[in-house]
Amino acid sequence: MIENFDITGMSCAACSAHVEKCVGETAGVKNVSVNLLQNSMRVEYDEGVVSADGIIKAVESGGYGASVKGAEKTAAADKRETKSNTKQRIILSVIFLVLLMYISMGHMWGAPGLSVFDRPENYVAFAFTQFLLTLPVIGVNFKYFSNGFRQLIRRSPNMDSLIAIGSAAAEIYGIVTIYALSRAVGMGDLVSAHGYVMNLYFESASMILTLITIGKYLEERAKGRTSEAIERLVKLMPDTAVVLKDGKEVMAPIDSIVPGDVVIVKAGAQIPLDGVVISGNASVDESAVTGESIPVEKSAGDEVTGATISRSGYITVKVTRTGSDTTLSKIIELVSDAASSKAPIARLADKIAGIFVPIVICIALVVFIVWMATTRDFKTAFNMAVSVLVISCPCALGLATPTAIMVGTGRGADMGVLFKNAEALEMLHKVDTIVFDKTGTITEGKPYVTDIIPNGVNELDLLMTAGAIEKLSEHPLSKAISEKCAKFRLPEAVDFKQLEGRGLSAAIGGKTVLAGNMRLMKENGIDVPDNEDLANQGKTQLYFARDNKYIGTIAVADKLKENSVNAIKVLKSMKIRAIMITGDNKAAASAIASSVGIDEVIAGVMPADKDMHIRELQKNGSKVAMVGDGINDAPALMRADVGIAIGAGTDIAIESADVVLMHSDINDVAGAVSLSRAVIKNIKENLFWAFFYNVLGIPIAAGVLMPFFGISLNPMIGAFAMSCSSVFVVSNALRLKMFKYDKNIENKEEKKTMKETFRINGMMCSHCTGRVSDALNALDGVSAEVSLDNGGMAVVTMDEGVSRDLIINTIIAAGYEVVE
């Protein structure tokens, strides 16, 4: 069983790594993935060995809270409440921090009202006032201490532990200093007392907590924007619907509707759930689900999808799917699962995060000992150690991958490209070979009549005869001919028979009519021509005979999808190898492949053998994606490194795939690859920054540059830098929201042009040059500069394909002569 959980108490990558370890070691748990960005966990476990409660206890044993994931709306409300609490904490922290900074440092700037604290007898009051002002800041941010020290005691320190140790050390140091200050004042040692009062560190403790809280708030706001795509999808779901009960229209909550109920949809209203139209007509805007901007006409018998909008008309719909079974719910689930899953590239960051905090604490201790040993200056050693603690940021490491995955999958959903997991999103950028199924993927999967070749009869007679017999068959080729003849009043066909593997027979007007393939004609001794040109074009030839006399051929072919040619060109420009796989014969397959621009064809493949050919490509070192739409594509989709299903295909193909193209447009294959590349690039940028920040920041905080350049960081600057690093990583991931893929951008080829000069006789003035110039520049693909130089000339720039004869004839038509 797979279950999703909400996790509370996590603050950094060390937390998520610890939760993952606690749950992963639980008996019966097969796989666990913790998402720091969403504070969620996805667990695959054996119900016979462990329950959801057992998993929750495992999380709690690690010091965190867990619950089975609730509704998205509840989660959203919790996020809003958390954000509100954080705002209040920031406001209170800032108010008391400003007062503290005013009192502790205001005298340096001559601030009014502080002269009383300059007197030695008031030094203790000065220090104690600062201590009191830190207490509200500590109080509203006490969760850092409770969580940080709890995890430290459990030997799983996290980011909160670093903050708690650093700020607590500064606070405790200040308290100890108050006692030392009191003793010095009491003994009359005013020099020592002045030294103590200038090094209290209360402002450092408050500043660390305030800056970290502000950074967390900014980080949460940025993280919230990463899930906007899912929230938009959730908002598409209506809360109520008009249900027809006992002949009356009743407004009912969407949750109360069950399959079989009949709902009424009026113009301008949302279709609440998936169903089938039982009466009426409507023009339905399906752009929210399919991305298709043109409304689709719906009438009795047509399927409709929940969350789409009726732009005009009135229909009654019998509900077929509700709740999590609806199309929109499945899309939301796909996007959520993909955003929550973990990409392989994240494993390195997770391993480092798991040991990062203990290493930082050890480094801080070493730094303190080294500086104490070399300088005998407690203040300097203390500063350096606390700076190391607060500048170290495992958050950036933990957020580097999930933020980019979340934004990337959301952007994909906006584009109509649904990634089912983060692994597919990562793997797709490595793909160098894409195998396309032919029917329904490259072609429309629906045959059309392409050629009508009568023999001894006129075209109308052939079509009337063909239409009369083919309309009685359900074969796809028969339907193509029936559609062609739909406008005719066809004669009646009787004694209809289907001849297995050969064709059809019937009596029309007292005459026997045969319709079928070459085998049927030969069996009946009918001599028919085999048109090799049609065969080479991949067209299927249907032969017709009346009373054993051949009367003509009708050729049928599957039409290429409108965007197929462009899609293949784009993939080639991206250095991706395109292959077509089909059960068609070699000649027909090659014809289709050639017309679409595919150079490699695997033809005559049985449905069960498609995955075998995928395996062969993989054995040769290729990273293979398979694009298909049918039941017979499912094994190959699963076998490929990345399976891509056309959205209009079967449910089995979609279930077997890793990526679903909702628009059923194979142009989106290149779009998915481009998005994958952009996401992986973004993840690498984030990981580089997270590693670079710590590699650079920790040594500087430790004082490595102090002996050489006098550069060091105080704890307040360290806290600010720590907050900035996380915000930077999330903000960088948010750039993916601006990712755009122009489906034709890679296909825009530079037009080749040529320039020629024509000597013209007869031009005498500017009116003449103007007349010739207007005539030439009116031509498509032509730009001309006409002058009286050298007796009259035209310098013409023309696109490749524009003939010189056209230029000459245009000049002559304007009334002048071309002499050279």
# chains A, B, ... in the order shown; residues from 1 in each chain; ligands from 1

$ residues_around --residues "range 466-475 of chain A" --least-positions-apart "3" --cutoff "6 Å" --atoms "only C-alpha atoms" --output "mmCIF file with C-alpha atoms, in the first residue's frame"
data_model
loop_
_atom_site.group_PDB
_atom_site.id
_atom_site.type_symbol
_atom_site.label_atom_id
_atom_site.label_comp_id
_atom_site.auth_asym_id
_atom_site.auth_seq_id
_atom_site.Cartn_x
_atom_site.Cartn_y
_atom_site.Cartn_z
ATOM 1 C CA LEU A 463 -18.514 5.738 -54.893
ATOM 2 C CA SER A 478 -15.107 0.817 -44.322
ATOM 3 C CA SER A 482 -18.815 5.535 -45.592
ATOM 4 C CA CYS A 485 -20.161 8.808 -49.306
ATOM 5 C CA LEU A 490 -26.978 5.185 -51.511
ATOM 6 C CA PRO A 491 -28.682 2.122 -53.031
ATOM 7 C CA ALA A 493 -27.302 -3.672 -50.329
#

$ atom_distance --atom1 "CA of Arg615 in chain A" --atom2 "CA of Ala578 in chain A"
15.9 Å

$ residues_around --residues "Ala400 in chain A" --least-positions-apart "4" --cutoff "8 Å" --atoms "only C-alpha atoms" --output "PDB file with N, CA and C atoms, in the first residue's frame"
ATOM      1  N   ALA A 396      19.405  25.136   2.526  1.00  0.00           N
ATOM      2  CA  ALA A 396      19.648  25.331   1.097  1.00  0.00           C
ATOM      3  C   ALA A 396      19.874  23.998   0.402  1.00  0.00           C
ATOM      4  N   ALA A 404      12.847  22.898  -7.218  1.00  0.00           N
ATOM      5  CA  ALA A 404      12.893  22.848  -8.684  1.00  0.00           C
ATOM      6  C   ALA A 404      11.924  21.796  -9.223  1.00  0.00           C
ATOM      7  N   ILE A 683      18.359  22.595 -10.847  1.00  0.00           N
ATOM      8  CA  ILE A 683      18.764  21.813  -9.675  1.00  0.00           C
ATOM      9  C   ILE A 683      20.271  21.882  -9.481  1.00  0.00           C
ATOM     10  N   ASN A 686      21.191  25.164  -8.065  1.00  0.00           N
ATOM     11  CA  ASN A 686      20.837  25.232  -6.645  1.00  0.00           C
ATOM     12  C   ASN A 686      21.827  24.460  -5.781  1.00  0.00           C
ATOM     13  N   LEU A 687      22.175  23.246  -6.231  1.00  0.00           N
ATOM     14  CA  LEU A 687      23.120  22.433  -5.462  1.00  0.00           C
ATOM     15  C   LEU A 687      24.498  23.097  -5.433  1.00  0.00           C
ATOM     16  N   ALA A 690      24.279  25.888  -2.925  1.00  0.00           N
ATOM     17  CA  ALA A 690      24.213  25.384  -1.555  1.00  0.00           C
ATOM     18  C   ALA A 690      25.579  24.895  -1.077  1.00  0.00           C
ATOM     19  N   VAL A 729      17.928  30.053  -3.081  1.00  0.00           N
ATOM     20  CA  VAL A 729      17.689  28.767  -3.729  1.00  0.00           C
ATOM     21  C   VAL A 729      16.237  28.646  -4.190  1.00  0.00           C
ATOM     22  N   VAL A 730      15.301  29.033  -3.325  1.00  0.00           N
ATOM     23  CA  VAL A 730      13.884  28.935  -3.693  1.00  0.00           C
ATOM     24  C   VAL A 730      13.560  29.914  -4.823  1.00  0.00           C
ATOM     25  N   ALA A 733      14.667  28.594  -8.128  1.00  0.00           N
ATOM     26  CA  ALA A 733      13.753  27.567  -8.634  1.00  0.00           C
ATOM     27  C   ALA A 733      12.495  28.198  -9.223  1.00  0.00           C
TER      28      ALA A 733
END

$ closest_residue --among "A:Thr316, A:Thr810, A:Ser803, A:Asn383" --to "Leu776 in chain A" --atoms "only C-alpha atoms"
A:Thr810

$ residues_around --residues "Leu713 in chain A" --least-positions-apart "3" --cutoff "7 Å" --atoms "only C-alpha atoms" --output "NGL selection string"
:A and (387 or 700-701 or 717-718)

$ write_last_selection --atoms "all heavy atoms" --output "PDB file, in the first residue's frame"
ATOM      1  N   SER A 387      29.434  32.273  14.985  1.00  0.00           N
ATOM      2  CA  SER A 387      29.264  32.601  13.565  1.00  0.00           C
ATOM      3  C   SER A 387      29.218  31.344  12.705  1.00  0.00           C
ATOM      4  O   SER A 387      28.431  31.233  11.768  1.00  0.00           O
ATOM      5  CB  SER A 387      30.401  33.516  13.085  1.00  0.00           C
ATOM      6  OG  SER A 387      30.329  34.762  13.727  1.00  0.00           O
ATOM      7  N   ILE A 700      35.120  31.376   6.278  1.00  0.00           N
ATOM      8  CA  ILE A 700      35.179  32.810   6.581  1.00  0.00           C
ATOM      9  C   ILE A 700      34.670  33.063   8.000  1.00  0.00           C
ATOM     10  O   ILE A 700      35.258  33.825   8.762  1.00  0.00           O
ATOM     11  CB  ILE A 700      34.353  33.618   5.555  1.00  0.00           C
ATOM     12  CG1 ILE A 700      35.011  33.545   4.170  1.00  0.00           C
ATOM     13  CG2 ILE A 700      34.227  35.077   5.991  1.00  0.00           C
ATOM     14  CD1 ILE A 700      34.211  34.214   3.065  1.00  0.00           C
ATOM     15  N   ALA A 701      33.534  32.379   8.340  1.00  0.00           N
ATOM     16  CA  ALA A 701      32.984  32.521   9.690  1.00  0.00           C
ATOM     17  C   ALA A 701      33.964  32.007  10.736  1.00  0.00           C
ATOM     18  O   ALA A 701      34.027  32.527  11.859  1.00  0.00           O
ATOM     19  CB  ALA A 701      31.662  31.781   9.799  1.00  0.00           C
ATOM     20  N   ILE A 717      25.730  38.880  11.068  1.00  0.00           N
ATOM     21  CA  ILE A 717      25.928  38.782   9.619  1.00  0.00           C
ATOM     22  C   ILE A 717      25.768  37.323   9.179  1.00  0.00           C
ATOM     23  O   ILE A 717      25.193  37.023   8.120  1.00  0.00           O
ATOM     24  CB  ILE A 717      27.313  39.321   9.213  1.00  0.00           C
ATOM     25  CG1 ILE A 717      27.377  40.826   9.499  1.00  0.00           C
ATOM     26  CG2 ILE A 717      27.601  39.051   7.747  1.00  0.00           C
ATOM     27  CD1 ILE A 717      28.736  41.445   9.249  1.00  0.00           C
ATOM     28  N   GLY A 718      26.251  36.406  10.007  1.00  0.00           N
ATOM     29  CA  GLY A 718      26.102  34.987   9.690  1.00  0.00           C
ATOM     30  C   GLY A 718      24.644  34.573   9.598  1.00  0.00           C
ATOM     31  O   GLY A 718      24.239  33.837   8.699  1.00  0.00           O
TER      32      GLY A 718
END

$ closest_atom_pairs --of "range 574-643 of chain A" --to "range 427-434 of chain A" --cutoff "7 Å" --atoms "only C-alpha atoms" --output "JSON lines"
{"residue": "A:Ile576", "atom": "CA", "partner": "A:Asp432", "partner_atom": "CA", "distance": 4.9}
{"residue": "A:Arg577", "atom": "CA", "partner": "A:Thr433", "partner_atom": "CA", "distance": 4.6}
{"residue": "A:Ala578", "atom": "CA", "partner": "A:Ile434", "partner_atom": "CA", "distance": 5.1}
{"residue": "A:Ile579", "atom": "CA", "partner": "A:Ile434", "partner_atom": "CA", "distance": 6.3}
{"residue": "A:Ser622", "atom": "CA", "partner": "A:Thr433", "partner_atom": "CA", "distance": 6.4}
{"residue": "A:Lys623", "atom": "CA", "partner": "A:Val431", "partner_atom": "CA", "distance": 4.7}
{"residue": "A:Val624", "atom": "CA", "partner": "A:Thr433", "partner_atom": "CA", "distance": 4.9}
{"residue": "A:Ala625", "atom": "CA", "partner": "A:Ile434", "partner_atom": "CA", "distance": 4.7}
{"residue": "A:Met626", "atom": "CA", "partner": "A:Ile434", "partner_atom": "CA", "distance": 5.8}
{"residue": "A:Val642", "atom": "CA", "partner": "A:Leu428", "partner_atom": "CA", "distance": 6.5}

$ residues_around --residues "Ile698 in chain A" --least-positions-apart "2" --cutoff "7 Å" --atoms "only C-alpha atoms" --output "PyMOL selection string"
chain A and resi 388+391-392+694-696+700-702

$ write_last_selection --atoms "N, CA and C atoms" --output "short mmCIF file (atom, residue, chain, number, x, y, z; two decimals), in the first residue's frame"
data_model
loop_
_atom_site.label_atom_id
_atom_site.label_comp_id
_atom_site.auth_asym_id
_atom_site.auth_seq_id
_atom_site.Cartn_x
_atom_site.Cartn_y
_atom_site.Cartn_z
N VAL A 388 30.08 30.37 13.02
CA VAL A 388 30.08 29.11 12.29
C VAL A 388 28.74 28.40 12.44
N ILE A 391 25.86 30.49 10.48
CA ILE A 391 25.97 30.68 9.03
C ILE A 391 25.74 29.39 8.26
N SER A 392 25.92 28.25 8.94
CA SER A 392 25.80 26.96 8.26
C SER A 392 24.33 26.69 7.95
N ASN A 694 28.29 27.02 1.64
CA ASN A 694 28.85 26.45 2.87
C ASN A 694 30.36 26.30 2.80
N VAL A 695 30.87 25.92 1.63
CA VAL A 695 32.32 25.78 1.47
C VAL A 695 33.02 27.12 1.66
N LEU A 696 32.37 28.20 1.21
CA LEU A 696 32.95 29.53 1.34
C LEU A 696 32.62 30.17 2.69
N ILE A 700 35.12 31.38 6.28
CA ILE A 700 35.18 32.81 6.58
C ILE A 700 34.67 33.06 8.00
N ALA A 701 33.53 32.38 8.34
CA ALA A 701 32.98 32.52 9.69
C ALA A 701 33.96 32.01 10.74
N ALA A 702 34.74 30.99 10.37
CA ALA A 702 35.72 30.41 11.30
C ALA A 702 36.95 31.30 11.47
#

$ closest_atom_pairs --of "range 349-437 of chain A" --to "range 704-712 of chain A" --cutoff "12 Å" --atoms "only C-alpha atoms" --output "CSV"
residue,atom,partner,partner_atom,distance
A:Val367,CA,A:Val704,CA,9.8
A:Val370,CA,A:Val704,CA,11.3
A:Trp371,CA,A:Val704,CA,10.6
A:Thr374,CA,A:Pro707,CA,11.3
A:Thr375,CA,A:Pro707,CA,11.3
A:Thr380,CA,A:Ser712,CA,9.8
A:Ala381,CA,A:Ser712,CA,11.5
A:Asn383,CA,A:Ser712,CA,9.2
A:Met384,CA,A:Ser712,CA,7.9
A:Ala385,CA,A:Ser712,CA,11.5
A:Ser387,CA,A:Ser712,CA,9.2
A:Val388,CA,A:Ser712,CA,10.9

$ residues_around --residues "Met251 in chain A" --least-positions-apart "3" --cutoff "7 Å" --atoms "only C-alpha atoms" --output "PyMOL selection string"
chain A and resi 240-243

$ write_last_selection --atoms "N, CA and C atoms" --output "mmCIF file, in the first residue's frame"
data_model
loop_
_atom_site.group_PDB
_atom_site.id
_atom_site.type_symbol
_atom_site.label_atom_id
_atom_site.label_comp_id
_atom_site.auth_asym_id
_atom_site.auth_seq_id
_atom_site.Cartn_x
_atom_site.Cartn_y
_atom_site.Cartn_z
ATOM 1 N N THR A 240 -20.522 22.756 -5.633
ATOM 2 C CA THR A 240 -21.910 22.297 -5.719
ATOM 3 C C THR A 240 -22.294 22.008 -7.171
ATOM 4 N N ALA A 241 -23.423 21.344 -7.344
ATOM 5 C CA ALA A 241 -23.934 21.049 -8.685
ATOM 6 C C ALA A 241 -25.453 20.999 -8.629
ATOM 7 N N VAL A 242 -26.075 21.232 -9.787
ATOM 8 C CA VAL A 242 -27.540 21.140 -9.890
ATOM 9 C C VAL A 242 -27.898 19.706 -10.270
ATOM 10 N N VAL A 243 -28.574 18.996 -9.372
ATOM 11 C CA VAL A 243 -28.917 17.583 -9.575
ATOM 12 C C VAL A 243 -30.420 17.458 -9.855
#

$ residues_around --residues "Leu389 in chain A" --least-positions-apart "3" --cutoff "6 Å" --atoms "only C-alpha atoms" --output "mmCIF file with N, CA, C and O atoms, in the first residue's frame"
data_model
loop_
_atom_site.group_PDB
_atom_site.id
_atom_site.type_symbol
_atom_site.label_atom_id
_atom_site.label_comp_id
_atom_site.auth_asym_id
_atom_site.auth_seq_id
_atom_site.Cartn_x
_atom_site.Cartn_y
_atom_site.Cartn_z
ATOM 1 N N LEU A 162 21.385 24.254 15.493
ATOM 2 C CA LEU A 162 22.447 25.241 15.274
ATOM 3 C C LEU A 162 22.007 26.619 15.757
ATOM 4 O O LEU A 162 22.773 27.343 16.407
ATOM 5 N N GLY A 166 23.635 28.580 18.991
ATOM 6 C CA GLY A 166 24.258 29.882 18.760
ATOM 7 C C GLY A 166 23.607 30.995 19.567
ATOM 8 O O GLY A 166 24.293 31.765 20.262
ATOM 9 N N VAL A 386 30.218 30.940 17.302
ATOM 10 C CA VAL A 386 28.792 31.211 17.093
ATOM 11 C C VAL A 386 28.521 31.541 15.622
ATOM 12 O O VAL A 386 27.503 31.117 15.052
ATOM 13 N N SER A 392 25.925 28.251 8.936
ATOM 14 C CA SER A 392 25.796 26.959 8.257
ATOM 15 C C SER A 392 24.327 26.692 7.954
ATOM 16 O O SER A 392 23.485 26.767 8.844
#

$ atom_distance --atom1 "CA of Thr213 in chain A" --atom2 "CA of Glu171 in chain A"
17.3 Å

$ select_by_dssp --residues "range 97-228 of chain A" --states "helix (DSSP H, G or I)" --output "PyMOL selection string"
chain A and resi 97-109+115-118+120-140+143-153+159-186+190-197+202-226+228

$ select_by_dssp --residues "range 479-664 of chain A" --states "strand (DSSP E or B)" --output "PyMOL selection string"
chain A and resi 493-499+503-508+511-516+540-546+549-560+577-581+600-602+624-628+642-646+659-661

$ closest_residue --among "A:Thr8, A:Asn809, A:Asn421, A:Ser104" --to "Val659 in chain A" --atoms "only C-alpha atoms"
A:Asn421

$ atom_distance --atom1 "CA of Gly416 in chain A" --atom2 "CA of Val660 in chain A"
8.1 Å

$ closest_residue --among "A:Ile178, A:Val319, A:Ile309, A:Ile481" --to "Val262 in chain A" --atoms "only C-alpha atoms"
A:Val319

$ closest_residue --among "A:Lys586, A:Lys330, A:Lys235, A:Arg411" --to "Ser676 in chain A" --atoms "only C-alpha atoms"
A:Arg411
